[in-house]
$ cat structure23.txt   # compact mmCIF, N, CA and C atoms
# COMPACT_ATOMS: atom_id res chain seq x y z
N MET A 39 -8.62 -23.73 41.20
CA MET A 39 -9.18 -22.65 40.39
C MET A 39 -8.09 -21.61 40.12
N ALA A 40 -7.99 -21.18 38.88
CA ALA A 40 -7.00 -20.19 38.49
C ALA A 40 -7.45 -18.80 38.88
N ILE A 41 -6.48 -17.98 39.25
CA ILE A 41 -6.73 -16.59 39.56
C ILE A 41 -6.63 -15.79 38.27
N SER A 42 -7.58 -14.91 38.04
CA SER A 42 -7.60 -14.09 36.83
C SER A 42 -7.30 -12.63 37.13
N ALA A 43 -6.82 -11.94 36.12
CA ALA A 43 -6.62 -10.50 36.21
C ALA A 43 -7.96 -9.80 36.03
N VAL A 44 -8.11 -8.66 36.69
CA VAL A 44 -9.32 -7.86 36.52
C VAL A 44 -9.02 -6.45 36.00
N ASP A 45 -7.76 -6.03 36.10
CA ASP A 45 -7.38 -4.70 35.65
C ASP A 45 -5.88 -4.66 35.40
N VAL A 46 -5.47 -3.83 34.48
CA VAL A 46 -4.06 -3.61 34.18
C VAL A 46 -3.85 -2.11 34.05
N ARG A 47 -2.82 -1.60 34.71
CA ARG A 47 -2.48 -0.19 34.58
C ARG A 47 -0.96 -0.07 34.51
N PHE A 48 -0.50 1.07 34.07
CA PHE A 48 0.93 1.29 33.87
C PHE A 48 1.36 2.59 34.53
N ASP A 49 2.59 2.60 35.01
CA ASP A 49 3.24 3.86 35.34
C ASP A 49 4.51 3.91 34.48
N GLU A 50 5.38 4.82 34.77
CA GLU A 50 6.55 5.01 33.93
C GLU A 50 7.44 3.77 33.83
N ASP A 51 7.53 3.01 34.93
CA ASP A 51 8.48 1.90 34.98
C ASP A 51 7.86 0.52 35.13
N ALA A 52 6.56 0.43 35.37
CA ALA A 52 5.98 -0.86 35.71
C ALA A 52 4.57 -1.05 35.16
N MET A 53 4.21 -2.32 35.08
CA MET A 53 2.83 -2.71 34.80
C MET A 53 2.27 -3.26 36.11
N TRP A 54 1.06 -2.84 36.44
CA TRP A 54 0.40 -3.26 37.67
C TRP A 54 -0.83 -4.08 37.29
N VAL A 55 -0.85 -5.33 37.73
CA VAL A 55 -1.94 -6.24 37.40
C VAL A 55 -2.75 -6.50 38.66
N SER A 56 -4.01 -6.08 38.66
CA SER A 56 -4.91 -6.33 39.78
C SER A 56 -5.59 -7.68 39.55
N LEU A 57 -5.59 -8.51 40.58
CA LEU A 57 -6.15 -9.85 40.49
C LEU A 57 -7.51 -9.91 41.17
N GLU A 58 -8.31 -10.89 40.78
CA GLU A 58 -9.66 -11.01 41.32
C GLU A 58 -9.67 -11.31 42.82
N ASP A 59 -8.56 -11.80 43.38
CA ASP A 59 -8.51 -12.08 44.81
C ASP A 59 -8.03 -10.89 45.64
N GLY A 60 -7.85 -9.74 44.99
CA GLY A 60 -7.47 -8.52 45.70
C GLY A 60 -5.99 -8.20 45.67
N ARG A 61 -5.16 -9.11 45.25
CA ARG A 61 -3.72 -8.84 45.16
C ARG A 61 -3.41 -8.00 43.93
N THR A 62 -2.27 -7.30 43.99
CA THR A 62 -1.75 -6.54 42.86
C THR A 62 -0.31 -6.96 42.65
N ILE A 63 0.03 -7.24 41.40
CA ILE A 63 1.39 -7.63 41.04
C ILE A 63 2.02 -6.48 40.28
N GLY A 64 3.20 -6.07 40.71
CA GLY A 64 3.97 -5.05 40.00
C GLY A 64 5.05 -5.71 39.16
N VAL A 65 5.08 -5.43 37.88
CA VAL A 65 6.01 -6.05 36.95
C VAL A 65 6.83 -4.98 36.27
N PRO A 66 8.16 -5.03 36.37
CA PRO A 66 8.99 -4.04 35.69
C PRO A 66 8.81 -4.12 34.18
N LEU A 67 8.59 -2.99 33.55
CA LEU A 67 8.43 -2.96 32.09
C LEU A 67 9.71 -3.39 31.38
N ALA A 68 10.84 -3.25 32.03
CA ALA A 68 12.11 -3.64 31.42
C ALA A 68 12.13 -5.11 31.00
N TRP A 69 11.30 -5.93 31.64
CA TRP A 69 11.25 -7.36 31.29
C TRP A 69 10.35 -7.63 30.11
N PHE A 70 9.65 -6.64 29.61
CA PHE A 70 8.73 -6.80 28.49
C PHE A 70 9.01 -5.70 27.46
N PRO A 71 10.03 -5.89 26.64
CA PRO A 71 10.45 -4.84 25.70
C PRO A 71 9.33 -4.31 24.80
N ARG A 72 8.42 -5.18 24.38
CA ARG A 72 7.32 -4.71 23.52
C ARG A 72 6.43 -3.73 24.27
N LEU A 73 6.15 -4.02 25.52
CA LEU A 73 5.33 -3.10 26.33
C LEU A 73 6.10 -1.84 26.66
N MET A 74 7.37 -1.99 26.97
CA MET A 74 8.19 -0.83 27.33
C MET A 74 8.26 0.16 26.18
N GLY A 75 8.36 -0.33 24.95
CA GLY A 75 8.46 0.55 23.79
C GLY A 75 7.12 0.99 23.22
N ALA A 76 6.03 0.51 23.80
CA ALA A 76 4.69 0.81 23.28
C ALA A 76 4.19 2.17 23.77
N SER A 77 3.28 2.73 23.01
CA SER A 77 2.63 3.98 23.43
C SER A 77 1.57 3.66 24.49
N ALA A 78 1.08 4.69 25.15
CA ALA A 78 0.01 4.51 26.14
C ALA A 78 -1.23 3.90 25.50
N ASP A 79 -1.55 4.32 24.28
CA ASP A 79 -2.70 3.76 23.57
C ASP A 79 -2.50 2.28 23.27
N GLU A 80 -1.31 1.90 22.84
CA GLU A 80 -1.03 0.49 22.56
C GLU A 80 -1.12 -0.34 23.83
N ARG A 81 -0.59 0.17 24.93
CA ARG A 81 -0.66 -0.56 26.21
C ARG A 81 -2.09 -0.71 26.70
N SER A 82 -2.90 0.31 26.48
CA SER A 82 -4.28 0.26 26.98
C SER A 82 -5.16 -0.68 26.16
N ALA A 83 -4.66 -1.16 25.03
CA ALA A 83 -5.43 -2.07 24.18
C ALA A 83 -5.30 -3.51 24.64
N VAL A 84 -5.12 -3.72 25.92
CA VAL A 84 -4.97 -5.07 26.48
C VAL A 84 -6.33 -5.77 26.52
N GLU A 85 -6.31 -7.05 26.22
CA GLU A 85 -7.48 -7.90 26.37
C GLU A 85 -7.21 -8.82 27.56
N ILE A 86 -8.06 -8.72 28.58
CA ILE A 86 -7.93 -9.58 29.75
C ILE A 86 -8.78 -10.82 29.50
N THR A 87 -8.13 -11.98 29.52
CA THR A 87 -8.83 -13.25 29.28
C THR A 87 -8.64 -14.15 30.50
N PRO A 88 -9.34 -15.26 30.55
CA PRO A 88 -9.12 -16.21 31.65
C PRO A 88 -7.70 -16.76 31.67
N PHE A 89 -7.00 -16.66 30.56
CA PHE A 89 -5.64 -17.20 30.45
C PHE A 89 -4.56 -16.18 30.76
N GLY A 90 -4.90 -14.90 30.75
CA GLY A 90 -3.90 -13.88 31.02
C GLY A 90 -4.18 -12.58 30.29
N LEU A 91 -3.11 -11.96 29.84
CA LEU A 91 -3.18 -10.64 29.21
C LEU A 91 -2.70 -10.77 27.77
N HIS A 92 -3.43 -10.12 26.86
CA HIS A 92 -3.10 -10.23 25.43
C HIS A 92 -3.18 -8.85 24.78
N TRP A 93 -2.13 -8.52 24.03
CA TRP A 93 -2.08 -7.30 23.23
C TRP A 93 -1.95 -7.72 21.78
N GLU A 94 -3.04 -7.70 21.05
CA GLU A 94 -3.05 -8.13 19.65
C GLU A 94 -2.08 -7.30 18.82
N GLY A 95 -2.14 -5.98 18.95
CA GLY A 95 -1.30 -5.09 18.15
C GLY A 95 0.18 -5.18 18.45
N LEU A 96 0.53 -5.67 19.63
CA LEU A 96 1.94 -5.79 20.03
C LEU A 96 2.45 -7.21 19.94
N ASP A 97 1.55 -8.17 19.64
CA ASP A 97 1.89 -9.58 19.63
C ASP A 97 2.53 -9.99 20.96
N GLU A 98 1.87 -9.62 22.05
CA GLU A 98 2.38 -9.89 23.41
C GLU A 98 1.32 -10.64 24.20
N ASP A 99 1.74 -11.69 24.88
CA ASP A 99 0.88 -12.47 25.77
C ASP A 99 1.62 -12.71 27.07
N ILE A 100 0.93 -12.48 28.19
CA ILE A 100 1.50 -12.71 29.51
C ILE A 100 0.48 -13.48 30.32
N SER A 101 0.88 -14.62 30.86
CA SER A 101 -0.06 -15.41 31.66
C SER A 101 0.01 -15.00 33.12
N VAL A 102 -1.14 -14.95 33.76
CA VAL A 102 -1.19 -14.64 35.19
C VAL A 102 -0.50 -15.73 36.00
N PRO A 103 -0.72 -17.03 35.70
CA PRO A 103 -0.01 -18.06 36.48
C PRO A 103 1.51 -17.90 36.43
N ALA A 104 2.06 -17.49 35.29
CA ALA A 104 3.51 -17.27 35.21
C ALA A 104 3.94 -16.11 36.10
N LEU A 105 3.13 -15.04 36.15
CA LEU A 105 3.45 -13.92 37.03
C LEU A 105 3.41 -14.35 38.49
N LEU A 106 2.39 -15.12 38.84
CA LEU A 106 2.24 -15.57 40.23
C LEU A 106 3.35 -16.55 40.64
N ALA A 107 3.82 -17.33 39.69
CA ALA A 107 4.88 -18.29 39.98
C ALA A 107 6.26 -17.65 39.89
N ALA A 108 6.27 -16.37 39.56
CA ALA A 108 7.51 -15.61 39.38
C ALA A 108 8.40 -16.26 38.33
N ASP A 109 7.78 -16.80 37.26
CA ASP A 109 8.52 -17.37 36.15
C ASP A 109 9.14 -16.29 35.28
N VAL A 110 8.75 -15.04 35.52
CA VAL A 110 9.29 -13.92 34.76
C VAL A 110 10.32 -13.23 35.65
N PRO A 111 11.58 -13.12 35.19
CA PRO A 111 12.59 -12.46 36.01
C PRO A 111 12.16 -11.07 36.45
N GLY A 112 12.37 -10.74 37.69
CA GLY A 112 12.06 -9.41 38.19
C GLY A 112 10.65 -9.19 38.67
N VAL A 113 9.80 -10.21 38.63
CA VAL A 113 8.42 -10.06 39.06
C VAL A 113 8.35 -10.17 40.58
N ALA A 114 7.64 -9.23 41.19
CA ALA A 114 7.42 -9.26 42.65
C ALA A 114 5.93 -9.21 42.91
N ALA A 115 5.43 -10.19 43.65
CA ALA A 115 4.01 -10.23 43.99
C ALA A 115 3.80 -9.70 45.40
N GLU A 116 2.74 -8.94 45.59
CA GLU A 116 2.42 -8.42 46.91
C GLU A 116 1.18 -9.09 47.42
$ encode --input "structure23.txt" --output "structure tokens"
Amino acid sequence: MAISAVDVRFDEDAMWVSLEDGRTIGVPLAWFPRLMGASADERSAVEITPFGLHWEGLDEDISVPALLAADVPGVAAE
């Protein structure tokens, strides 16, 4: 069974993805230029799907399995 995201939040330098199993993944925004350059409103327009995270207005998709597998450089899972 795949683990899904339940919440996404941002601070100045990172995106924090809360997972349904209680874990939180911190992802440096530097690895996602579209998110890094986006406004707070654009970032908050995320759609959480069973497949991952989608920002229609930014044309950005991030899969939770890729984050968990650390397929994205700089990703650290806690």
$ atom_distance --input "structure23.txt" --atom1 "atom CA of Val102 of chain A" --atom2 "atom C of Phe70 of chain A"
15.6 Å
$ select_by_dssp --input "structure23.txt" --residues "chain A" --states "helix (DSSP H, G or I)" --output "PyMOL selection string"
chain A and resi 67-69+71-74+78-82+94-96+102-106
$ write_last_selection --input "structure23.txt" --atoms "N, CA and C atoms" --output "PDB file, keeping the file's coordinate frame"
ATOM      1  N   LEU A  67       8.590  -2.990  33.550  1.00  0.00           N
ATOM      2  CA  LEU A  67       8.430  -2.960  32.090  1.00  0.00           C
ATOM      3  C   LEU A  67       9.710  -3.390  31.380  1.00  0.00           C
ATOM      4  N   ALA A  68      10.840  -3.250  32.030  1.00  0.00           N
ATOM      5  CA  ALA A  68      12.110  -3.640  31.420  1.00  0.00           C
ATOM      6  C   ALA A  68      12.130  -5.110  31.000  1.00  0.00           C
ATOM      7  N   TRP A  69      11.300  -5.930  31.640  1.00  0.00           N
ATOM      8  CA  TRP A  69      11.250  -7.360  31.290  1.00  0.00           C
ATOM      9  C   TRP A  69      10.350  -7.630  30.110  1.00  0.00           C
ATOM     10  N   PRO A  71      10.030  -5.890  26.640  1.00  0.00           N
ATOM     11  CA  PRO A  71      10.450  -4.840  25.700  1.00  0.00           C
ATOM     12  C   PRO A  71       9.330  -4.310  24.800  1.00  0.00           C
ATOM     13  N   ARG A  72       8.420  -5.180  24.380  1.00  0.00           N
ATOM     14  CA  ARG A  72       7.320  -4.710  23.520  1.00  0.00           C
ATOM     15  C   ARG A  72       6.430  -3.730  24.270  1.00  0.00           C
ATOM     16  N   LEU A  73       6.150  -4.020  25.520  1.00  0.00           N
ATOM     17  CA  LEU A  73       5.330  -3.100  26.330  1.00  0.00           C
ATOM     18  C   LEU A  73       6.100  -1.840  26.660  1.00  0.00           C
ATOM     19  N   MET A  74       7.370  -1.990  26.970  1.00  0.00           N
ATOM     20  CA  MET A  74       8.190  -0.830  27.330  1.00  0.00           C
ATOM     21  C   MET A  74       8.260   0.160  26.180  1.00  0.00           C
ATOM     22  N   ALA A  78       1.080   4.690  25.150  1.00  0.00           N
ATOM     23  CA  ALA A  78       0.010   4.510  26.140  1.00  0.00           C
ATOM     24  C   ALA A  78      -1.230   3.900  25.500  1.00  0.00           C
ATOM     25  N   ASP A  79      -1.550   4.320  24.280  1.00  0.00           N
ATOM     26  CA  ASP A  79      -2.700   3.760  23.570  1.00  0.00           C
ATOM     27  C   ASP A  79      -2.500   2.280  23.270  1.00  0.00           C
ATOM     28  N   GLU A  80      -1.310   1.900  22.840  1.00  0.00           N
ATOM     29  CA  GLU A  80      -1.030   0.490  22.560  1.00  0.00           C
ATOM     30  C   GLU A  80      -1.120  -0.340  23.830  1.00  0.00           C
ATOM     31  N   ARG A  81      -0.590   0.170  24.930  1.00  0.00           N
ATOM     32  CA  ARG A  81      -0.660  -0.560  26.210  1.00  0.00           C
ATOM     33  C   ARG A  81      -2.090  -0.710  26.700  1.00  0.00           C
ATOM     34  N   SER A  82      -2.900   0.310  26.480  1.00  0.00           N
ATOM     35  CA  SER A  82      -4.280   0.260  26.980  1.00  0.00           C
ATOM     36  C   SER A  82      -5.160  -0.680  26.160  1.00  0.00           C
ATOM     37  N   GLU A  94      -3.040  -7.700  21.050  1.00  0.00           N
ATOM     38  CA  GLU A  94      -3.050  -8.130  19.650  1.00  0.00           C
ATOM     39  C   GLU A  94      -2.080  -7.300  18.820  1.00  0.00           C
ATOM     40  N   GLY A  95      -2.140  -5.980  18.950  1.00  0.00           N
ATOM     41  CA  GLY A  95      -1.300  -5.090  18.150  1.00  0.00           C
ATOM     42  C   GLY A  95       0.180  -5.180  18.450  1.00  0.00           C
ATOM     43  N   LEU A  96       0.530  -5.670  19.630  1.00  0.00           N
ATOM     44  CA  LEU A  96       1.940  -5.790  20.030  1.00  0.00           C
ATOM     45  C   LEU A  96       2.450  -7.210  19.940  1.00  0.00           C
ATOM     46  N   VAL A 102      -1.140 -14.950  33.760  1.00  0.00           N
ATOM     47  CA  VAL A 102      -1.190 -14.640  35.190  1.00  0.00           C
ATOM     48  C   VAL A 102      -0.500 -15.730  36.000  1.00  0.00           C
ATOM     49  N   PRO A 103      -0.720 -17.030  35.700  1.00  0.00           N
ATOM     50  CA  PRO A 103      -0.010 -18.060  36.480  1.00  0.00           C
ATOM     51  C   PRO A 103       1.510 -17.900  36.430  1.00  0.00           C
ATOM     52  N   ALA A 104       2.060 -17.490  35.290  1.00  0.00           N
ATOM     53  CA  ALA A 104       3.510 -17.270  35.210  1.00  0.00           C
ATOM     54  C   ALA A 104       3.940 -16.110  36.100  1.00  0.00           C
ATOM     55  N   LEU A 105       3.130 -15.040  36.150  1.00  0.00           N
ATOM     56  CA  LEU A 105       3.450 -13.920  37.030  1.00  0.00           C
ATOM     57  C   LEU A 105       3.410 -14.350  38.490  1.00  0.00           C
ATOM     58  N   LEU A 106       2.390 -15.120  38.840  1.00  0.00           N
ATOM     59  CA  LEU A 106       2.240 -15.570  40.230  1.00  0.00           C
ATOM     60  C   LEU A 106       3.350 -16.550  40.640  1.00  0.00           C
TER      61      LEU A 106
END
$ atom_distance --input "structure23.txt" --atom1 "atom CA of Glu80 of chain A" --atom2 "atom CA of Arg61 of chain A"
24.6 Å
$ residues_near_point --input "structure23.txt" --point "(-3.0, -0.3, 32.4)" --cutoff "8 Å" --atoms "all atoms listed in the file" --output "count of residues only"
12
$ closest_residue --input "structure23.txt" --among "A:Ile100, A:Ala52, A:Leu105, A:Ala40" --to "Ala68 of chain A" --atoms "only C-alpha atoms"
A:Ala52
$ closest_residue --input "structure23.txt" --among "A:Gly90, A:Glu98, A:Val44, A:Pro71" --to "Glu58 of chain A" --atoms "all atoms listed in the file"
A:Val44
$ atom_distance --input "structure23.txt" --atom1 "atom C of Met74 of chain A" --atom2 "atom C of Ser42 of chain A"
22.9 Å
$ closest_residue --input "structure23.txt" --among "A:Ala43, A:Asp79, A:Leu106, A:Leu91" --to "Gly60 of chain A" --atoms "only C-alpha atoms"
A:Ala43
$ select_by_dssp --input "structure23.txt" --residues "segment 70-105 of chain A" --states "strand (DSSP E or B)" --output "count of residues only"
11
$ closest_residue --input "structure23.txt" --among "A:Ala107, A:Asp99, A:Leu73, A:Gly64" --to "Ile86 of chain A" --atoms "only C-alpha atoms"
A:Asp99
$ closest_residue --input "structure23.txt" --among "A:Asp51, A:Ala104, A:Ser77, A:His92" --to "Val65 of chain A" --atoms "all atoms listed in the file"
A:Asp51
$ closest_residue --input "structure23.txt" --among "A:Leu67, A:Ala78, A:Phe89, A:Gly95" --to "Glu50 of chain A" --atoms "only N, CA and C atoms"
A:Leu67
$ decode --input "structure23.txt" --residues "segment 41-107 of chain A" --atoms "C-alpha atoms" --output "tab-separated table (two decimals), in the first residue's frame"
chain	number	residue	atom	x	y	z
A	41	ILE	CA	1.75	6.14	1.64
A	42	SER	CA	-0.08	9.37	0.82
A	43	ALA	CA	0.48	12.97	1.81
A	44	VAL	CA	-2.10	14.59	4.08
A	45	ASP	CA	-0.70	18.12	4.39
A	46	VAL	CA	1.90	20.39	2.82
A	47	ARG	CA	3.36	23.50	4.41
A	48	PHE	CA	6.27	25.79	3.65
A	49	ASP	CA	8.81	27.83	5.52
A	50	GLU	CA	11.42	30.13	4.03
A	51	ASP	CA	13.73	27.33	2.87
A	52	ALA	CA	11.74	24.09	2.79
A	53	MET	CA	8.56	22.27	1.96
A	54	TRP	CA	7.23	20.01	4.71
A	55	VAL	CA	5.07	17.08	3.65
A	56	SER	CA	3.06	15.33	6.37
A	57	LEU	CA	2.28	11.70	5.56
A	58	GLU	CA	-0.69	9.61	6.61
A	59	ASP	CA	1.58	7.34	8.68
A	60	GLY	CA	2.69	10.25	10.89
A	61	ARG	CA	6.07	10.96	9.29
A	62	THR	CA	7.06	14.39	7.99
A	63	ILE	CA	9.48	14.89	5.11
A	64	GLY	CA	11.45	18.12	4.83
A	65	VAL	CA	12.42	19.03	1.26
A	66	PRO	CA	14.72	21.94	0.42
A	67	LEU	CA	12.97	24.39	-1.90
A	68	ALA	CA	16.25	24.83	-3.76
A	69	TRP	CA	15.58	21.48	-5.46
A	70	PHE	CA	12.24	22.73	-6.85
A	71	PRO	CA	12.86	26.03	-8.66
A	72	ARG	CA	9.19	26.50	-9.58
A	73	LEU	CA	8.15	26.24	-5.94
A	74	MET	CA	11.07	28.33	-4.74
A	75	GLY	CA	10.10	31.18	-7.08
A	76	ALA	CA	6.37	30.89	-6.38
A	77	SER	CA	4.32	33.17	-4.16
A	78	ALA	CA	2.72	31.89	-0.95
A	79	ASP	CA	-0.65	31.85	-2.74
A	80	GLU	CA	0.75	29.79	-5.62
A	81	ARG	CA	2.34	27.31	-3.21
A	82	SER	CA	-0.85	26.96	-1.20
A	83	ALA	CA	-2.75	25.96	-4.37
A	84	VAL	CA	-1.42	22.40	-4.05
A	85	GLU	CA	-3.69	19.48	-4.86
A	86	ILE	CA	-2.93	16.41	-2.76
A	87	THR	CA	-3.75	13.25	-4.71
A	88	PRO	CA	-3.12	9.55	-4.11
A	89	PHE	CA	-0.18	9.92	-6.51
A	90	GLY	CA	1.49	12.90	-4.87
A	91	LEU	CA	1.43	16.68	-4.99
A	92	HIS	CA	0.24	18.75	-7.94
A	93	TRP	CA	0.34	22.50	-8.61
A	94	GLU	CA	-1.70	23.20	-11.73
A	95	GLY	CA	-0.69	26.86	-11.95
A	96	LEU	CA	3.01	26.06	-11.59
A	97	ASP	CA	3.02	22.92	-13.77
A	98	GLU	CA	4.73	21.06	-10.91
A	99	ASP	CA	4.21	17.44	-9.82
A	100	ILE	CA	6.04	15.68	-6.98
A	101	SER	CA	5.40	12.05	-6.11
A	102	VAL	CA	5.45	10.91	-2.50
A	103	PRO	CA	7.15	7.59	-3.42
A	104	ALA	CA	10.01	9.55	-5.02
A	105	LEU	CA	10.41	11.63	-1.85
A	106	LEU	CA	10.39	8.51	0.32
A	107	ALA	CA	12.92	6.79	-1.91
